[in-house]
$ cat final-v3.cif   # mmCIF, C-alpha atoms
data_upload
loop_
_atom_site.group_PDB
_atom_site.id
_atom_site.type_symbol
_atom_site.label_atom_id
_atom_site.label_comp_id
_atom_site.auth_asym_id
_atom_site.auth_seq_id
_atom_site.Cartn_x
_atom_site.Cartn_y
_atom_site.Cartn_z
ATOM 1 C CA MET A 28 0.000 0.000 0.000
ATOM 2 C CA GLU A 29 1.249 3.466 -0.815
ATOM 3 C CA GLU A 30 2.572 5.385 2.145
ATOM 4 C CA LYS A 31 2.069 9.080 1.875
ATOM 5 C CA LYS A 32 4.341 11.678 3.404
ATOM 6 C CA CYS A 33 2.880 14.241 5.710
ATOM 7 C CA SER A 34 3.823 16.723 8.379
ATOM 8 C CA CYS A 35 3.989 14.176 11.153
ATOM 9 C CA GLN A 36 6.971 12.405 9.587
ATOM 10 C CA THR A 37 9.263 15.366 9.209
ATOM 11 C CA GLY A 38 8.054 17.544 12.047
ATOM 12 C CA THR A 39 5.510 20.262 11.626
ATOM 13 C CA VAL A 40 6.860 23.727 10.947
ATOM 14 C CA ILE A 41 4.357 26.567 11.220
ATOM 15 C CA VAL A 42 5.138 30.146 10.261
ATOM 16 C CA TYR A 43 3.193 32.961 11.918
ATOM 17 C CA SER A 44 3.593 36.473 10.635
ATOM 18 C CA CYS A 45 2.692 39.991 11.544
ATOM 19 C CA SER A 46 0.742 41.485 8.684
ATOM 20 C CA GLY A 47 0.497 45.026 9.971
ATOM 21 C CA ASN A 48 -0.193 48.164 8.045
ATOM 22 C CA ALA A 49 3.451 49.070 7.456
ATOM 23 C CA ASN A 50 5.831 47.781 4.808
ATOM 24 C CA LEU A 51 7.676 45.452 7.185
ATOM 25 C CA GLY A 52 4.614 43.614 8.481
ATOM 26 C CA GLN A 53 3.623 42.979 4.900
ATOM 27 C CA ALA A 54 7.205 41.944 4.014
ATOM 28 C CA CYS A 55 6.997 39.377 6.836
ATOM 29 C CA ASN A 56 3.685 38.158 5.483
ATOM 30 C CA GLU A 57 5.184 37.822 1.989
ATOM 31 C CA LEU A 58 8.098 35.817 3.383
ATOM 32 C CA ALA A 59 5.704 33.525 5.262
ATOM 33 C CA GLN A 60 3.876 32.809 2.015
ATOM 34 C CA ARG A 61 7.138 32.127 0.193
ATOM 35 C CA LEU A 62 8.299 29.758 2.939
ATOM 36 C CA MET A 63 5.043 27.878 2.538
ATOM 37 C CA GLU A 64 5.445 27.712 -1.226
ATOM 38 C CA ARG A 65 9.039 26.479 -0.841
ATOM 39 C CA GLY A 66 7.857 23.739 1.485
ATOM 40 C CA VAL A 67 9.740 25.043 4.532
ATOM 41 C CA GLY A 68 6.567 24.982 6.580
ATOM 42 C CA ARG A 69 2.912 25.843 6.620
ATOM 43 C CA MET A 70 1.693 29.344 7.187
ATOM 44 C CA GLY A 71 -0.389 29.538 10.332
ATOM 45 C CA CYS A 72 -3.316 31.833 10.922
ATOM 46 C CA LEU A 73 -2.172 34.330 13.536
ATOM 47 C CA ALA A 74 -5.642 35.858 13.701
ATOM 48 C CA GLY A 75 -7.052 32.443 14.579
ATOM 49 C CA VAL A 76 -4.537 32.027 17.399
ATOM 50 C CA GLY A 77 -5.200 35.559 18.633
ATOM 51 C CA GLY A 78 -8.923 34.913 18.408
ATOM 52 C CA HIS A 79 -8.494 31.859 20.655
ATOM 53 C CA VAL A 80 -9.961 29.513 18.030
ATOM 54 C CA PRO A 81 -9.331 26.251 19.935
ATOM 55 C CA ASN A 82 -7.941 24.077 17.150
ATOM 56 C CA MET A 83 -5.705 26.871 15.891
ATOM 57 C CA VAL A 84 -4.337 27.452 19.376
ATOM 58 C CA LEU A 85 -3.755 23.706 19.733
ATOM 59 C CA SER A 86 -1.984 23.643 16.349
ATOM 60 C CA ALA A 87 0.395 26.387 17.496
ATOM 61 C CA GLN A 88 1.047 24.527 20.753
ATOM 62 C CA SER A 89 1.552 21.181 18.988
ATOM 63 C CA ALA A 90 3.923 22.221 16.191
ATOM 64 C CA ASP A 91 7.485 20.962 16.299
ATOM 65 C CA GLU A 92 8.875 24.255 15.083
ATOM 66 C CA VAL A 93 7.228 27.661 15.247
ATOM 67 C CA ILE A 94 8.690 30.523 13.232
ATOM 68 C CA VAL A 95 7.427 33.979 14.216
ATOM 69 C CA LEU A 96 8.018 36.981 11.992
ATOM 70 C CA ASP A 97 7.470 40.471 13.366
ATOM 71 C CA GLY A 98 7.726 43.723 11.455
ATOM 72 C CA CYS A 99 8.802 45.911 14.343
ATOM 73 C CA GLN A 100 9.963 45.907 17.947
ATOM 74 C CA MET A 101 6.396 45.900 19.280
ATOM 75 C CA GLY A 102 6.532 42.161 18.612
ATOM 76 C CA CYS A 103 2.767 41.659 18.312
ATOM 77 C CA ALA A 104 3.061 38.288 16.561
ATOM 78 C CA LEU A 105 5.295 36.897 19.297
ATOM 79 C CA LYS A 106 2.987 38.285 21.982
ATOM 80 C CA ILE A 107 0.024 36.474 20.399
ATOM 81 C CA ILE A 108 1.959 33.205 20.216
ATOM 82 C CA GLU A 109 3.101 33.508 23.833
ATOM 83 C CA HIS A 110 -0.377 34.490 24.980
ATOM 84 C CA ALA A 111 -1.579 31.220 23.448
ATOM 85 C CA GLU A 112 1.061 29.407 25.517
ATOM 86 C CA ALA A 113 2.910 28.275 22.416
ATOM 87 C CA LYS A 114 6.665 28.644 21.989
ATOM 88 C CA ALA A 115 8.581 30.330 19.208
ATOM 89 C CA SER A 116 11.558 28.378 17.937
ATOM 90 C CA PHE A 117 12.716 31.337 15.854
ATOM 91 C CA HIS A 118 11.660 34.952 16.169
ATOM 92 C CA LEU A 119 12.691 37.583 13.645
ATOM 93 C CA VAL A 120 12.073 41.316 14.046
ATOM 94 C CA ALA A 121 12.512 43.181 10.784
ATOM 95 C CA THR A 122 13.519 46.500 12.363
ATOM 96 C CA ASP A 123 16.284 44.708 14.309
ATOM 97 C CA LEU A 124 17.826 43.878 10.941
ATOM 98 C CA GLY A 125 18.204 47.542 10.050
ATOM 99 C CA LEU A 126 15.066 47.757 7.944
ATOM 100 C CA ALA A 127 13.023 50.952 8.146
ATOM 101 C CA LYS A 128 9.350 50.806 9.058
ATOM 102 C CA LYS A 129 7.177 52.961 6.811
ATOM 103 C CA ASN A 130 3.512 53.123 7.718
ATOM 104 C CA GLY A 131 1.075 52.599 4.894
ATOM 105 C CA LYS A 132 3.784 51.610 2.418
ATOM 106 C CA ARG A 133 4.173 48.387 0.463
ATOM 107 C CA TRP A 134 6.957 45.875 1.032
ATOM 108 C CA SER A 135 9.970 45.703 -1.246
ATOM 109 C CA GLU A 136 11.852 42.758 -2.649
ATOM 110 C CA ASP A 137 14.997 43.879 -0.788
ATOM 111 C CA GLU A 138 13.171 43.807 2.549
ATOM 112 C CA VAL A 139 11.879 40.290 1.970
ATOM 113 C CA LYS A 140 15.369 39.204 0.896
ATOM 114 C CA VAL A 141 16.967 40.537 4.106
ATOM 115 C CA LEU A 142 14.396 38.704 6.245
ATOM 116 C CA ASP A 143 14.702 35.516 4.223
ATOM 117 C CA GLU A 144 18.499 35.460 4.444
ATOM 118 C CA GLU A 145 18.494 36.080 8.186
ATOM 119 C CA LEU A 146 15.956 33.350 8.829
ATOM 120 C CA THR A 147 17.930 30.937 6.655
ATOM 121 C CA ARG A 148 21.105 31.801 8.584
ATOM 122 C CA LEU A 149 19.390 31.332 11.943
ATOM 123 C CA ARG A 150 17.821 28.006 11.035
ATOM 124 C CA ARG A 151 21.056 26.733 9.526
ATOM 125 C CA SER A 152 22.943 27.690 12.674
ATOM 126 C CA ARG A 153 20.602 25.409 14.596
ATOM 127 C CA ASN A 154 20.613 22.618 12.003
ATOM 128 C CA GLY A 155 17.434 23.929 10.476
ATOM 129 C CA PHE A 156 15.140 22.151 12.812
ATOM 130 C CA VAL A 157 14.196 22.663 16.417
ATOM 131 C CA ARG A 158 12.038 20.232 18.273
ATOM 132 C CA ILE A 159 10.195 21.846 21.138
ATOM 133 C CA GLU A 160 10.062 19.562 24.158
ATOM 134 C CA MET B 20 -23.129 6.592 19.042
ATOM 135 C CA MET B 21 -19.744 8.210 19.588
ATOM 136 C CA ARG B 22 -18.249 9.766 16.479
ATOM 137 C CA ILE B 23 -14.464 9.524 16.175
ATOM 138 C CA GLU B 24 -12.588 11.377 13.462
ATOM 139 C CA VAL B 25 -8.986 10.514 12.628
ATOM 140 C CA PHE B 26 -7.113 13.204 10.709
ATOM 141 C CA GLY B 27 -4.006 12.305 8.734
ATOM 142 C CA THR B 28 -2.771 12.231 5.188
ATOM 143 C CA GLY B 29 -1.899 8.558 5.205
ATOM 144 C CA CYS B 30 1.632 8.304 6.550
ATOM 145 C CA ALA B 31 2.824 5.640 8.995
ATOM 146 C CA LYS B 32 2.069 7.703 12.110
ATOM 147 C CA CYS B 33 -1.452 8.530 10.935
ATOM 148 C CA LYS B 34 -2.115 4.862 10.155
ATOM 149 C CA ARG B 35 -0.837 3.894 13.583
ATOM 150 C CA LEU B 36 -3.340 6.249 15.193
ATOM 151 C CA GLU B 37 -6.178 4.712 13.169
ATOM 152 C CA LYS B 38 -5.010 1.211 14.122
ATOM 153 C CA ASN B 39 -4.780 2.161 17.809
ATOM 154 C CA VAL B 40 -8.256 3.683 17.680
ATOM 155 C CA ASN B 41 -9.737 0.482 16.266
ATOM 156 C CA GLU B 42 -7.858 -1.637 18.817
ATOM 157 C CA ALA B 43 -9.017 0.617 21.649
ATOM 158 C CA LEU B 44 -12.635 0.348 20.562
ATOM 159 C CA ALA B 45 -12.364 -3.439 20.447
ATOM 160 C CA LYS B 46 -10.535 -3.654 23.772
ATOM 161 C CA GLY B 47 -12.977 -1.346 25.532
ATOM 162 C CA GLY B 48 -16.045 -2.858 23.921
ATOM 163 C CA ILE B 49 -16.994 0.587 22.718
ATOM 164 C CA ARG B 50 -19.283 1.206 19.767
ATOM 165 C CA ALA B 51 -18.339 4.209 17.667
ATOM 166 C CA GLU B 52 -18.389 5.516 14.144
ATOM 167 C CA VAL B 53 -14.804 6.019 12.917
ATOM 168 C CA ILE B 54 -14.220 8.468 10.100
ATOM 169 C CA LYS B 55 -10.830 8.914 8.411
ATOM 170 C CA ILE B 56 -10.118 12.363 6.993
ATOM 171 C CA GLU B 57 -7.157 12.623 4.623
ATOM 172 C CA ASP B 58 -7.923 15.865 2.809
ATOM 173 C CA ILE B 59 -5.582 18.658 3.952
ATOM 174 C CA ASP B 60 -8.078 21.382 3.057
ATOM 175 C CA ALA B 61 -10.727 19.692 5.196
ATOM 176 C CA MET B 62 -8.262 19.645 8.087
ATOM 177 C CA THR B 63 -7.264 23.277 7.586
ATOM 178 C CA ASP B 64 -10.940 24.254 7.562
ATOM 179 C CA ARG B 65 -11.117 22.819 11.065
ATOM 180 C CA GLY B 66 -7.950 24.659 12.136
ATOM 181 C CA ILE B 67 -5.870 21.471 12.194
ATOM 182 C CA MET B 68 -2.305 22.120 11.076
ATOM 183 C CA VAL B 69 -0.538 19.351 12.948
ATOM 184 C CA THR B 70 -1.218 15.692 12.232
ATOM 185 C CA PRO B 71 -2.160 13.093 13.215
ATOM 186 C CA ALA B 72 -5.177 14.441 15.059
ATOM 187 C CA LEU B 73 -8.222 12.910 16.644
ATOM 188 C CA ALA B 74 -11.655 14.328 17.380
ATOM 189 C CA ILE B 75 -14.406 12.865 19.533
ATOM 190 C CA ASP B 76 -17.901 14.080 18.747
ATOM 191 C CA GLY B 77 -16.440 17.057 16.892
ATOM 192 C CA ASP B 78 -13.956 18.183 19.550
ATOM 193 C CA ILE B 79 -10.257 17.843 18.813
ATOM 194 C CA LYS B 80 -8.669 15.874 21.632
ATOM 195 C CA ILE B 81 -5.234 14.988 20.237
ATOM 196 C CA MET B 82 -2.920 16.743 17.824
ATOM 197 C CA GLY B 83 0.557 15.641 16.723
ATOM 198 C CA LYS B 84 0.662 12.560 18.939
ATOM 199 C CA VAL B 85 -0.262 8.895 18.776
ATOM 200 C CA PRO B 86 -1.712 7.825 22.133
ATOM 201 C CA SER B 87 -1.401 4.214 23.249
ATOM 202 C CA VAL B 88 -4.368 1.850 23.025
ATOM 203 C CA ASP B 89 -4.911 2.111 26.790
ATOM 204 C CA GLU B 90 -4.806 5.905 26.708
ATOM 205 C CA LEU B 91 -7.402 5.876 23.958
ATOM 206 C CA VAL B 92 -9.661 3.481 25.859
ATOM 207 C CA ALA B 93 -9.555 5.843 28.842
ATOM 208 C CA MET B 94 -10.273 8.805 26.586
ATOM 209 C CA PHE B 95 -13.227 7.103 24.899
ATOM 210 C CA LYS B 96 -14.713 6.072 28.242
ATOM 211 C CA ALA B 97 -14.270 9.483 29.889
#
$ encode --input "final-v3.cif" --output "structure tokens"
Amino acid sequence: MEEKKCSCQTGTVIVYSCSGNANLGQACNELAQRLMERGVGRMGCLAGVGGHVPNMVLSAQSADEVIVLDGCQMGCALKIIEHAEAKASFHLVATDLGLAKKNGKRWSEDEVKVLDEELTRLRRSRNGFVRIE
Amino acid sequence: MMRIEVFGTGCAKCKRLEKNVNEALAKGGIRAEVIKIEDIDAMTDRGIMVTPALAIDGDIKIMGKVPSVDELVAMFKA
């Protein structure tokens, strides 16, 4: 019988992103979508976690690796994840990487690239996979 | 009758959960309807992003783990 591959074999990676009104929140959101398309992980619904939707909260708590992307130092995405009693394996803050927050502006390719490269570096430095015990 | 849903895309771990569920029902002498859900979109619609998962009468009880047969018997009888 054919055995299919699924998240439970390789460890579930969920990416949660700020998607605020400024360029960097949207750059984070764009990166989360690209990570999903590249098969790095699945993009989680941060609104669902923040809204205390039970199965979404349980998903965040049950994932093997949680990547949290925040646009600025307010760290809203991380606060939502922590409020749900889930743990972030990796947390990126775009403004900490020298990127400028511009309210009401669109993201740029350069901003997404900076975030992507930093996340890749971080994950590689920890063998690309973190199992939360 | 109790309604048990097993969520998984068909990998070894998901199949083990289904097997344990059936063994637990037999061991506990419990009658239940067991439904296997393999469609990822159907899981996502229920907010399930980590598999395998198990629901009893619509409520998700387990996500990302395969409980033992005895643990499942206790859960079904609770």
$ resolve_selection --input "final-v3.cif" --expression "the PyMOL selection byres ((chain B) within 8 of (chain A))" --output "list in words"
Gly27, Thr28, Gly29, Cys30, Ala31, Lys32, Cys33, Arg65, Gly66, Ile67, Met68, Val69, Thr70, Pro71, Ile79, Met82 and Gly83 of chain B
$ atom_distance --input "final-v3.cif" --atom1 "CA of Ser152 in chain A" --atom2 "CA of Val139 in chain A"
19.9 Å
$ axis_aligned_box --input "final-v3.cif" --around "range 38-41 of chain A" --padding-each-side "3 Å" --output "AutoDock Vina command-line options"
--center_x 6.2 --center_y 22.1 --center_z 11.5 --size_x 9.7 --size_y 15.0 --size_z 7.1
$ resolve_selection --input "final-v3.cif" --expression "the PyMOL selection byres ((chain A and resi 121-136) around 9)" --output "list of chain:residue names"
A:Gly47, A:Asn48, A:Ala49, A:Asn50, A:Leu51, A:Gly52, A:Gln53, A:Ala54, A:Cys55, A:Glu57, A:Leu96, A:Asp97, A:Gly98, A:Cys99, A:Gln100, A:Leu119, A:Val120, A:Asp137, A:Glu138, A:Val139, A:Lys140, A:Val141, A:Leu142, A:Glu145
$ closest_residue --input "final-v3.cif" --among "B:Val40, B:Pro86, B:Val92, B:Val25" --to "Lys55 in chain B" --atoms "all atoms listed in the file"
B:Val25
$ atom_distance --input "final-v3.cif" --atom1 "CA of Leu36 in chain B" --atom2 "CA of Val85 in chain B"
5.4 Å
$ residues_around --input "final-v3.cif" --residues "Ser116 in chain A" --least-positions-apart "2" --cutoff "6 Å" --atoms "all atoms listed in the file" --output "PyMOL selection string"
chain A and resi 92-94
$ atom_distance --input "final-v3.cif" --atom1 "CA of Arg65 in chain A" --atom2 "CA of Tyr43 in chain A"
15.5 Å
$ residues_near_point --input "final-v3.cif" --point "(8.9, 28.7, 6.4)" --cutoff "7 Å" --atoms "all atoms listed in the file" --output "NGL selection string"
:A and (41-42 or 59 or 62-63 or 67-69)
$ resolve_selection --input "final-v3.cif" --expression "the PyMOL selection byres ((chain B and resi 90) around 12)" --output "MDAnalysis selection string"
chainID B and resid 36 39:40 42:44 46:47 80:81 84:89 91:97
$ residues_around --input "final-v3.cif" --residues "Met21 in chain B" --least-positions-apart "6" --cutoff "9 Å" --atoms "all atoms listed in the file" --output "list of chain:residue names"
B:Ile49, B:Arg50, B:Ala51, B:Glu52, B:Val53, B:Ile75, B:Asp76, B:Phe95
$ residues_near_point --input "final-v3.cif" --point "(-12.2, 16.3, 8.0)" --cutoff "10 Å" --atoms "only C-alpha atoms" --output "JSON list (two decimals) with C-alpha atoms, in the frame of the given file"
[["chain", "number", "residue", "atom", "x", "y", "z"],
["B", 24, "GLU", "CA", -12.59, 11.38, 13.46],
["B", 25, "VAL", "CA", -8.99, 10.51, 12.63],
["B", 26, "PHE", "CA", -7.11, 13.20, 10.71],
["B", 27, "GLY", "CA", -4.01, 12.30, 8.73],
["B", 54, "ILE", "CA", -14.22, 8.47, 10.10],
["B", 55, "LYS", "CA", -10.83, 8.91, 8.41],
["B", 56, "ILE", "CA", -10.12, 12.36, 6.99],
["B", 57, "GLU", "CA", -7.16, 12.62, 4.62],
["B", 58, "ASP", "CA", -7.92, 15.86, 2.81],
["B", 59, "ILE", "CA", -5.58, 18.66, 3.95],
["B", 60, "ASP", "CA", -8.08, 21.38, 3.06],
["B", 61, "ALA", "CA", -10.73, 19.69, 5.20],
["B", 62, "MET", "CA", -8.26, 19.64, 8.09],
["B", 63, "THR", "CA", -7.26, 23.28, 7.59],
["B", 64, "ASP", "CA", -10.94, 24.25, 7.56],
["B", 65, "ARG", "CA", -11.12, 22.82, 11.06],
["B", 67, "ILE", "CA", -5.87, 21.47, 12.19],
["B", 74, "ALA", "CA", -11.66, 14.33, 17.38],
["B", 77, "GLY", "CA", -16.44, 17.06, 16.89]]
$ closest_residue --input "final-v3.cif" --among "A:Leu149, A:Leu73, A:Cys45, A:Ala115" --to "Cys103 in chain A" --atoms "all atoms listed in the file"
A:Cys45
